[in-house]
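Enquirer: If it helps, the file is called model-v4.txt and holds compact mmCIF, C-alpha atoms:
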# COMPACT_ATOMS: atom_id res chain seq x y z
CA GLY T 17 26.11 -26.19 -13.26
CA VAL T 18 23.57 -25.37 -10.60
CA SER T 19 20.83 -23.05 -11.84
CA ARG T 20 20.36 -20.08 -9.54
CA ASP T 21 17.25 -17.98 -9.27
CA LYS T 22 18.19 -14.60 -10.70
CA SER T 23 14.68 -13.25 -10.60
CA VAL T 24 14.33 -9.76 -9.16
CA PRO T 25 11.93 -8.41 -6.53
CA ALA T 26 9.37 -5.80 -7.53
CA VAL T 27 7.24 -2.91 -6.34
CA VAL T 28 3.74 -2.90 -7.85
CA ALA T 29 2.70 0.77 -7.64
CA LEU T 30 -0.89 2.05 -7.93
CA HIS T 31 -1.50 5.58 -9.21
CA SER T 32 -3.67 8.21 -7.53
CA TYR T 33 -7.13 9.31 -8.71
CA LYS T 34 -7.10 10.32 -12.39
CA GLY T 35 -3.45 9.32 -12.57
CA SER T 36 -1.94 6.68 -14.84
CA GLY T 37 0.64 3.92 -14.80
CA LEU T 38 2.74 5.81 -17.34
CA GLY T 39 2.53 8.95 -15.24
CA LEU T 40 3.96 7.04 -12.30
CA ILE T 41 6.83 5.67 -14.38
CA LYS T 42 7.63 9.20 -15.57
CA SER T 43 7.44 10.62 -12.06
CA GLY T 44 11.18 10.41 -11.75
CA LYS T 45 13.01 10.27 -8.45
CA MET T 46 10.92 7.72 -6.62
CA VAL T 47 10.98 5.20 -9.49
CA LYS T 48 14.71 5.77 -9.98
CA ALA T 49 15.30 5.16 -6.28
CA ILE T 50 13.41 1.84 -6.46
CA LEU T 51 15.22 0.71 -9.63
CA ALA T 52 18.58 1.66 -8.08
CA ARG T 53 17.89 -0.87 -5.32
CA GLY T 54 17.55 -3.66 -7.89
CA TYR T 55 13.75 -3.82 -7.92
CA ALA T 56 11.46 -3.87 -10.93
CA VAL T 57 8.56 -1.39 -10.96
CA ILE T 58 5.13 -2.51 -12.24
CA THR T 59 2.37 0.08 -12.66
CA PRO T 60 -1.13 -1.30 -13.33
CA GLU T 61 -3.68 1.19 -14.61
CA GLY T 62 -7.21 1.58 -13.27
CA ILE T 63 -10.14 2.14 -15.65
CA ASN T 64 -10.70 5.87 -16.22
CA GLY T 65 -7.92 6.65 -13.77
CA SER T 66 -9.81 5.17 -10.84
CA TRP T 67 -9.78 2.06 -8.66
CA GLN T 68 -12.85 0.02 -7.76
CA PHE T 69 -12.77 -1.08 -4.13
CA ARG T 70 -16.41 -0.54 -3.16
CA GLY T 71 -18.04 -3.15 -5.39
CA GLY T 72 -19.52 -1.71 -8.56
CA GLY T 73 -19.22 -4.58 -10.95
CA ARG T 74 -15.52 -5.04 -11.44
CA ASP T 75 -12.95 -6.72 -9.23
CA ASP T 76 -9.77 -4.65 -9.10
CA VAL T 77 -8.31 -6.89 -6.39
CA ALA T 78 -8.37 -9.76 -8.90
CA PHE T 79 -7.09 -7.45 -11.66
CA ILE T 80 -4.06 -6.33 -9.64
CA ARG T 81 -3.25 -9.92 -8.70
CA ALA T 82 -3.51 -10.91 -12.37
CA VAL T 83 -1.12 -8.12 -13.43
CA ALA T 84 1.41 -9.31 -10.84
CA ASP T 85 1.05 -12.95 -11.94
CA ASP T 86 1.49 -11.94 -15.59
CA ALA T 87 4.57 -9.82 -14.87
CA ALA T 88 6.18 -12.71 -13.00
CA LYS T 89 5.53 -15.07 -15.93
CA ARG T 90 6.73 -12.69 -18.65
CA GLY T 91 9.60 -11.00 -16.87
CA ASN T 92 12.38 -12.22 -14.66
CA ILE T 93 10.41 -11.17 -11.58
CA ALA T 94 9.92 -13.06 -8.32
CA ARG T 95 6.19 -13.34 -7.60
CA GLY T 96 6.87 -14.07 -3.95
CA ARG T 97 8.93 -10.91 -3.48
CA MET T 98 6.51 -8.20 -4.53
CA MET T 99 5.38 -5.22 -2.46
CA LEU T 100 2.11 -3.51 -3.38
CA ALA T 101 2.33 0.27 -2.91
CA GLY T 102 0.11 3.19 -3.87
CA PHE T 103 -0.51 6.87 -3.26
CA SER T 104 -3.78 8.56 -2.23
CA VAL T 105 -6.72 6.59 -3.70
CA GLY T 106 -4.07 4.17 -5.00
CA GLY T 107 -3.13 3.75 -1.34
CA SER T 108 -6.79 3.08 -0.54
CA MET T 109 -6.77 0.30 -3.13
CA VAL T 110 -3.63 -1.15 -1.48
CA ALA T 111 -5.48 -1.19 1.87
CA TYR T 112 -8.42 -3.12 0.38
CA VAL T 113 -6.17 -5.70 -1.32
CA ALA T 114 -4.32 -6.16 1.99
CA CYS T 115 -7.60 -6.62 3.86
CA ARG T 116 -9.33 -8.96 1.43
CA SER T 117 -6.39 -10.86 -0.02
CA PRO T 118 -3.37 -10.51 2.28
CA GLY T 119 -1.52 -13.40 0.68
CA ALA T 120 -1.59 -11.73 -2.75
CA PHE T 121 1.66 -9.87 -2.03
CA LYS T 122 4.48 -10.29 0.45
CA ALA T 123 3.89 -6.79 1.80
CA TYR T 124 1.79 -3.64 1.44
CA ALA T 125 2.96 -0.02 1.64
CA PRO T 126 0.20 2.55 1.10
CA VAL T 127 0.99 6.28 1.24
CA SER T 128 -1.71 8.81 2.22
CA GLY T 129 -4.55 6.41 1.36
CA ASN T 130 -6.89 4.44 3.58
CA PHE T 131 -10.27 2.68 3.79
CA TRP T 132 -13.53 4.51 3.11
CA GLU T 133 -16.70 4.22 5.19
CA PRO T 134 -18.34 1.91 5.83
CA GLU T 135 -14.88 0.51 6.47
CA PRO T 136 -14.26 -3.24 6.80
CA GLN T 137 -15.21 -4.53 10.26
CA SER T 138 -12.65 -7.30 9.94
CA CYS T 139 -9.87 -8.29 7.56
CA ALA T 140 -8.14 -11.51 6.60
CA GLY T 141 -4.56 -11.77 7.85
CA PRO T 142 -1.81 -11.73 8.85
CA VAL T 143 -0.43 -8.96 6.65
CA ASN T 144 2.89 -7.10 6.41
CA TYR T 145 1.81 -3.46 6.29
CA LEU T 146 3.73 -0.17 6.31
CA HIS T 147 1.48 2.88 6.17
CA THR T 148 3.05 6.32 5.53
CA HIS T 149 1.06 9.52 6.16
CA GLY T 150 1.62 13.25 6.48
CA SER T 151 0.52 14.80 9.76
CA ALA T 152 -0.53 17.94 7.83
CA ASP T 153 -2.55 16.00 5.21
CA THR T 154 -5.88 17.77 4.65
CA THR T 155 -6.84 15.79 1.50
CA MET T 156 -6.97 12.47 3.36
CA PRO T 157 -6.69 13.53 7.02
CA ILE T 158 -5.79 10.95 9.65
CA ALA T 159 -9.24 11.43 11.23
CA GLY T 160 -10.98 10.95 7.86
CA ARG T 161 -13.44 13.40 6.27
CA SER T 162 -16.55 13.69 4.14
CA VAL T 163 -15.95 14.37 0.46
CA GLY T 164 -19.50 14.84 -0.79
CA LYS T 165 -21.89 12.43 -2.54
CA GLY T 166 -22.20 10.55 0.74
CA LEU T 167 -18.56 9.49 0.61
CA ARG T 168 -16.48 9.56 3.74
CA GLN T 169 -12.88 8.58 4.34
CA ALA T 170 -12.35 6.35 7.36
CA ASN T 171 -10.26 7.14 10.42
CA LEU T 172 -6.72 5.87 9.82
CA LEU T 173 -6.01 4.67 13.36
CA GLU T 174 -9.29 2.71 13.44
CA SER T 175 -8.40 1.10 10.11
CA LEU T 176 -4.93 0.15 11.33
CA ALA T 177 -6.50 -1.35 14.46
CA THR T 178 -8.62 -3.60 12.21
CA LEU T 179 -5.51 -4.74 10.31
CA ALA T 180 -3.68 -5.23 13.62
CA ARG T 181 -6.44 -7.54 14.89
CA ALA T 182 -6.19 -9.56 11.67
CA SER T 183 -2.46 -9.99 12.28
CA GLY T 184 -2.85 -11.07 15.91
CA CYS T 185 -1.09 -7.98 17.28
CA ASP T 186 -1.20 -6.87 20.90
CA ASP T 187 -3.14 -3.72 21.71
CA ALA T 188 0.09 -2.13 22.90
CA ASN T 189 2.42 -0.64 20.36
CA GLU T 190 5.70 1.22 20.42
CA LYS T 191 5.33 4.91 19.65
CA THR T 192 7.89 7.54 18.84
CA ALA T 193 7.23 11.02 17.47
CA SER T 194 7.08 9.68 13.92
CA THR T 195 6.48 5.91 14.08
CA ARG T 196 4.13 3.40 15.59
CA ARG T 197 5.10 -0.27 15.60
CA TRP T 198 2.60 -2.92 16.68
CA LYS T 199 3.89 -5.68 18.94
CA GLY T 200 3.19 -9.39 19.18
CA CYS T 201 1.99 -9.63 15.57
CA ASN T 202 2.22 -12.59 13.22
CA SER T 203 3.59 -10.07 10.69
CA SER T 204 5.10 -6.57 10.59
CA LEU T 205 2.68 -3.65 11.03
CA ARG T 206 3.94 -0.06 11.16
CA LEU T 207 2.81 3.52 10.75
CA VAL T 208 5.36 6.14 9.67
CA MET T 209 4.40 9.81 9.95
CA HIS T 210 6.06 12.75 8.21
CA PRO T 211 5.43 16.47 8.78
CA GLY T 212 4.22 17.16 5.23
CA GLY T 213 0.81 17.12 3.59
CA HIS T 214 -0.75 14.87 0.96
CA SER T 215 2.50 13.75 -0.63
CA VAL T 216 5.09 10.99 -0.90
CA PRO T 217 8.08 11.98 1.27
CA ARG T 218 11.51 11.80 -0.35
CA SER T 219 12.64 9.22 2.18
CA TRP T 220 9.77 6.86 1.35
CA ALA T 221 11.46 4.51 -1.14
CA GLY T 222 14.47 3.92 1.09
CA THR T 223 12.41 3.44 4.25
CA ALA T 224 9.90 1.11 2.58
CA LEU T 225 12.49 -1.03 0.82
CA ASP T 226 14.64 -1.30 3.97
CA TRP T 227 11.56 -2.57 5.80
CA PHE T 228 10.54 -4.90 2.96
CA SER T 229 14.00 -6.42 2.55
CA GLY T 230 14.04 -7.28 6.27
CA LEU T 231 10.79 -9.29 6.19
Spell out the structure here as structure tokens.

Expert:
Amino acid sequence: GVSRDKSVPAVVALHSYKGSGLGLIKSGKMVKAILARGYAVITPEGINGSWQFRGGGRDDVAFIRAVADDAAKRGNIARGRMMLAGFSVGGSMVAYVACRSPGAFKAYAPVSGNFWEPEPQSCAGPVNYLHTHGSADTTMPIAGRSVGKGLRQANLLESLATLARASGCDDANEKTASTRRWKGCNSSLRLVMHPGGHSVPRSWAGTALDWFSGL
């Protein structure tokens, strides 16, 4: 008979600061919602609960790619149908992988996490990118903020403009009250806002996987 590829797609999910891969798996509803759609969930773990995206001697971009490659080899998982997602600083790590190594995953879906200053002046591209953020987020505000020790979060709209340039998008984009969709891109670039704070909205898994499955 003809062999058919039964491999499943996957979401590679990056935990927040001081979080863990196991903590994400145990977090319940979101993981269940992803599994219910027929996706595998892979949760790499950063050293000491953190991600290294500002240099500092270790290459977490390469580490995350290696975890994805390993999962595809060991499990029945399609390497070409993986979405990299993450919350908070995990979302920041997603942004840096998307910028530096856009071909590492089919798509990127950070939640409430963005570049830090000095932010990248340019990114590789094109990249499929769905950023979700709460309009009332004070932990990682859309405008960015200083968090001591000389650290400053970047402005989200400036960061998205950098990614849009890398994807060949037009300056114009479609705006509604809760979404922004860039036009003319060589990929799909969107911002989805929700009225909450620094959190993953309940609708996130469905919205992100609907978008991903249409790419």

Enquirer: Select, from T:Ala152, T:Ala221, T:Met99, T:Ala26, the residue with the minimum atom-to-atom distance to Tyr55 of chain T, counting only C-alpha atoms.

Expert: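 Between T:Ala152, T:Ala221, T:Met99, T:Ala26, the residue approaching Tyr55 of chain T most closely is T:Ala26.
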
Enquirer: Taking (-13.3, -2.8, 5.4) as a centre in this file's frame and 9 Å as the limit, can you find every polymer residue with an atom that close, using all atoms listed in the file, and give them as a compact mmCIF listing (two decimals) with C-alpha atoms, in the coordinates of the input?

Expert:
# COMPACT_ATOMS: atom_id res chain seq x y z
CA ALA T 111 -5.48 -1.19 1.87
CA TYR T 112 -8.42 -3.12 0.38
CA CYS T 115 -7.60 -6.62 3.86
CA ARG T 116 -9.33 -8.96 1.43
CA PHE T 131 -10.27 2.68 3.79
CA TRP T 132 -13.53 4.51 3.11
CA GLU T 133 -16.70 4.22 5.19
CA PRO T 134 -18.34 1.91 5.83
CA GLU T 135 -14.88 0.51 6.47
CA PRO T 136 -14.26 -3.24 6.80
CA GLN T 137 -15.21 -4.53 10.26
CA SER T 138 -12.65 -7.30 9.94
CA CYS T 139 -9.87 -8.29 7.56
CA SER T 175 -8.40 1.10 10.11
CA THR T 178 -8.62 -3.60 12.21

Enquirer: Please report the interatomic distance between atom CA of Val83 of chain T and atom CA of Gly119 of chain T in Å with one decimal.

Expert: 15.1 Å

Enquirer: Report, in Å with one decimal, the straight-line distance from atom CA of Ala123 of chain T to atom CA of Arg95 of chain T.

Expert: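 Pair atom CA of Ala123 of chain T / atom CA of Arg95 of chain T returns 11.7 Å.
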
Enquirer: Quick one, how far is atom CA of Cys201 of chain T from atom CA of Leu179 of chain T?

Expert: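 Pair atom CA of Cys201 of chain T / atom CA of Leu179 of chain T returns 10.4 Å.
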
Enquirer: Please check which residues have atoms at most 9 Å from (7.3, 3.3, 8.3) in the file's coordinates, counting only C-alpha atoms, and write them as an NGL selection string.

Expert: :T and (125 or 145-148 or 194-197 or 205-209 or 220 or 223-224 or 227)

Enquirer: How would the residues just chosen look if you wrote them out with C-alpha atoms as a compact mmCIF listing (two decimals), in the frame of the given file?

Expert:
# COMPACT_ATOMS: atom_id res chain seq x y z
CA ALA T 125 2.96 -0.02 1.64
CA TYR T 145 1.81 -3.46 6.29
CA LEU T 146 3.73 -0.17 6.31
CA HIS T 147 1.48 2.88 6.17
CA THR T 148 3.05 6.32 5.53
CA SER T 194 7.08 9.68 13.92
CA THR T 195 6.48 5.91 14.08
CA ARG T 196 4.13 3.40 15.59
CA ARG T 197 5.10 -0.27 15.60
CA LEU T 205 2.68 -3.65 11.03
CA ARG T 206 3.94 -0.06 11.16
CA LEU T 207 2.81 3.52 10.75
CA VAL T 208 5.36 6.14 9.67
CA MET T 209 4.40 9.81 9.95
CA TRP T 220 9.77 6.86 1.35
CA THR T 223 12.41 3.44 4.25
CA ALA T 224 9.90 1.11 2.58
CA TRP T 227 11.56 -2.57 5.80

Enquirer: Between T:Ala52, T:Val113, T:Val57, T:Ala193, which residue has the minimum interatomic distance to Asp76 of chain T, considering all atoms listed in the file?

Expert: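 Of the candidates, the smallest distance to Asp76 of chain T is held by T:Val113.
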
Enquirer: Counting only C-alpha atoms, figure out which residue out of T:Gly35, T:Arg90, T:Ala182, T:Asn64 gets nearest to Val143 of chain T.

Expert: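 Using only C-alpha atoms, the shortest distance to Val143 of chain T belongs to T:Ala182.
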
Enquirer: For Val47 of chain T, which residue among T:Asn202, T:Ala101, T:Thr192, T:Ser128 is the nearest when counting all atoms listed in the file?

Expert: T:Ala101

Enquirer: Between T:Pro25, T:Pro126, T:Gly72, T:Gly222, which is the closest to Leu172 of chain T once you count only C-alpha atoms?

Expert: T:Pro126

Enquirer: Select, from T:Ser104, T:Lys22, T:Tyr124, T:Val110, the residue with the minimum atom-to-atom distance to Gln169 of chain T, counting all atoms listed in the file.

Expert: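 Smallest separation from Gln169 of chain T among the options: T:Ser104.
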
Enquirer: Which neighbours of Ser219 of chain T fall inside 10 Å, counting all atoms listed in the file, when residues of the same chain fewer than 5 positions from it are skipped, and could you give them as a PyMOL selection string?

Expert: chain T and resi 46+49+210+224

Enquirer: Tell me, as an NGL selection string, which residues lie within 6 Å of Gly102 of chain T, counting all atoms listed in the file; anything in the same chain fewer than 5 positions away does not count.

Expert: :T and (29-30 or 107 or 126)

Enquirer: Convert the current residue selection to file output with C-alpha atoms, as an mmCIF file, in the frame of the given file.

Expert:
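Wrote selection-v4.cif, looks like this:
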data_model
loop_
_atom_site.group_PDB
_atom_site.id
_atom_site.type_symbol
_atom_site.label_atom_id
_atom_site.label_comp_id
_atom_site.auth_asym_id
_atom_site.auth_seq_id
_atom_site.Cartn_x
_atom_site.Cartn_y
_atom_site.Cartn_z
ATOM 1 C CA ALA T 29 2.700 0.770 -7.640
ATOM 2 C CA LEU T 30 -0.890 2.050 -7.930
ATOM 3 C CA GLY T 107 -3.130 3.750 -1.340
ATOM 4 C CA PRO T 126 0.200 2.550 1.100
#

Enquirer: Report as a PDB file with C-alpha atoms, in the frame of the given file all protein, DNA and RNA residues lying within 8 Å of Arg81 of chain T, evaluated on only C-alpha atoms, omitting residues in the same chain fewer than 4 positions from it.

Expert:
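Resulting contents of around.pdb:
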ATOM      1  CA  VAL T  77      -8.310  -6.890  -6.390  1.00  0.00           C
ATOM      2  CA  ASP T  85       1.050 -12.950 -11.940  1.00  0.00           C
ATOM      3  CA  ALA T 120      -1.590 -11.730  -2.750  1.00  0.00           C
TER       4      ALA T 120
END

Enquirer: Can you rebuild segment 208-219 of chain T with all heavy atoms and give it as a CSV table (one decimal), in the coordinates of the input?

Expert:
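Listed below is the output, out11.csv:
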chain,number,residue,atom,x,y,z
T,208,VAL,N,4.3,5.1,9.7
T,208,VAL,CA,5.4,6.1,9.7
T,208,VAL,C,4.7,7.5,9.3
T,208,VAL,O,4.1,7.6,8.3
T,208,VAL,CB,6.4,5.8,8.6
T,208,VAL,CG1,7.5,6.9,8.5
T,208,VAL,CG2,7.1,4.5,9.0
T,209,MET,N,4.9,8.5,10.2
T,209,MET,CA,4.4,9.8,10.0
T,209,MET,C,5.5,10.7,9.4
T,209,MET,O,6.7,10.6,9.8
T,209,MET,CB,3.9,10.4,11.3
T,209,MET,CG,2.7,9.6,11.9
T,209,MET,SD,1.2,9.5,10.9
T,209,MET,CE,0.8,11.3,10.8
T,210,HIS,N,5.1,11.7,8.6
T,210,HIS,CA,6.1,12.8,8.2
T,210,HIS,C,5.3,14.1,8.4
T,210,HIS,O,4.1,14.1,8.4
T,210,HIS,CB,6.6,12.5,6.8
T,210,HIS,CG,5.5,12.6,5.7
T,210,HIS,ND1,5.2,13.7,5.0
T,210,HIS,CD2,4.7,11.6,5.2
T,210,HIS,CE1,4.2,13.5,4.2
T,210,HIS,NE2,3.9,12.2,4.3
T,211,PRO,N,6.1,15.2,8.5
T,211,PRO,CA,5.4,16.5,8.8
T,211,PRO,C,4.7,17.1,7.6
T,211,PRO,O,4.0,18.1,7.8
T,211,PRO,CB,6.6,17.3,9.3
T,211,PRO,CG,7.8,16.7,8.6
T,211,PRO,CD,7.5,15.3,8.5
T,212,GLY,N,4.8,16.5,6.4
T,212,GLY,CA,4.2,17.2,5.2
T,212,GLY,C,2.7,16.9,5.1
T,212,GLY,O,2.1,16.4,6.0
T,213,GLY,N,2.2,17.3,3.9
T,213,GLY,CA,0.8,17.1,3.6
T,213,GLY,C,0.5,15.9,2.8
T,213,GLY,O,1.1,14.8,3.1
T,214,HIS,N,-0.3,16.0,1.8
T,214,HIS,CA,-0.8,14.9,1.0
T,214,HIS,C,0.3,14.6,-0.1
T,214,HIS,O,0.2,15.1,-1.2
T,214,HIS,CB,-2.1,15.2,0.3
T,214,HIS,CG,-2.8,14.0,-0.2
T,214,HIS,ND1,-3.2,13.0,0.5
T,214,HIS,CD2,-3.2,13.7,-1.5
T,214,HIS,CE1,-3.9,12.1,-0.2
T,214,HIS,NE2,-3.8,12.5,-1.5
T,215,SER,N,1.4,13.9,0.3
T,215,SER,CA,2.5,13.8,-0.6
T,215,SER,C,3.3,12.5,-0.2
T,215,SER,O,3.1,11.9,0.8
T,215,SER,CB,3.4,15.0,-0.5
T,215,SER,OG,3.9,15.1,0.8
T,216,VAL,N,4.2,12.1,-1.2
T,216,VAL,CA,5.1,11.0,-0.9
T,216,VAL,C,6.4,11.6,-0.4
T,216,VAL,O,7.0,12.3,-1.2
T,216,VAL,CB,5.3,10.1,-2.2
T,216,VAL,CG1,6.3,9.0,-1.8
T,216,VAL,CG2,4.0,9.6,-2.7
T,217,PRO,N,6.8,11.4,0.8
T,217,PRO,CA,8.1,12.0,1.3
T,217,PRO,C,9.3,11.4,0.5
T,217,PRO,O,9.3,10.3,0.1
T,217,PRO,CB,8.1,11.6,2.8
T,217,PRO,CG,7.3,10.4,2.9
T,217,PRO,CD,6.2,10.5,1.8
T,218,ARG,N,10.3,12.2,0.4
T,218,ARG,CA,11.5,11.8,-0.4
T,218,ARG,C,12.1,10.5,0.2
T,218,ARG,O,12.7,9.7,-0.5
T,218,ARG,CB,12.6,12.9,-0.3
T,218,ARG,CG,12.4,13.9,-1.3
T,218,ARG,CD,13.5,14.9,-1.4
T,218,ARG,NE,13.2,16.0,-2.2
T,218,ARG,CZ,13.9,17.1,-2.4
T,218,ARG,NH1,15.0,17.2,-1.7
T,218,ARG,NH2,13.6,18.1,-3.2
T,219,SER,N,12.0,10.4,1.5
T,219,SER,CA,12.6,9.2,2.2
T,219,SER,C,11.9,7.9,2.0
T,219,SER,O,12.3,6.9,2.4
T,219,SER,CB,12.8,9.5,3.7
T,219,SER,OG,11.5,9.7,4.2
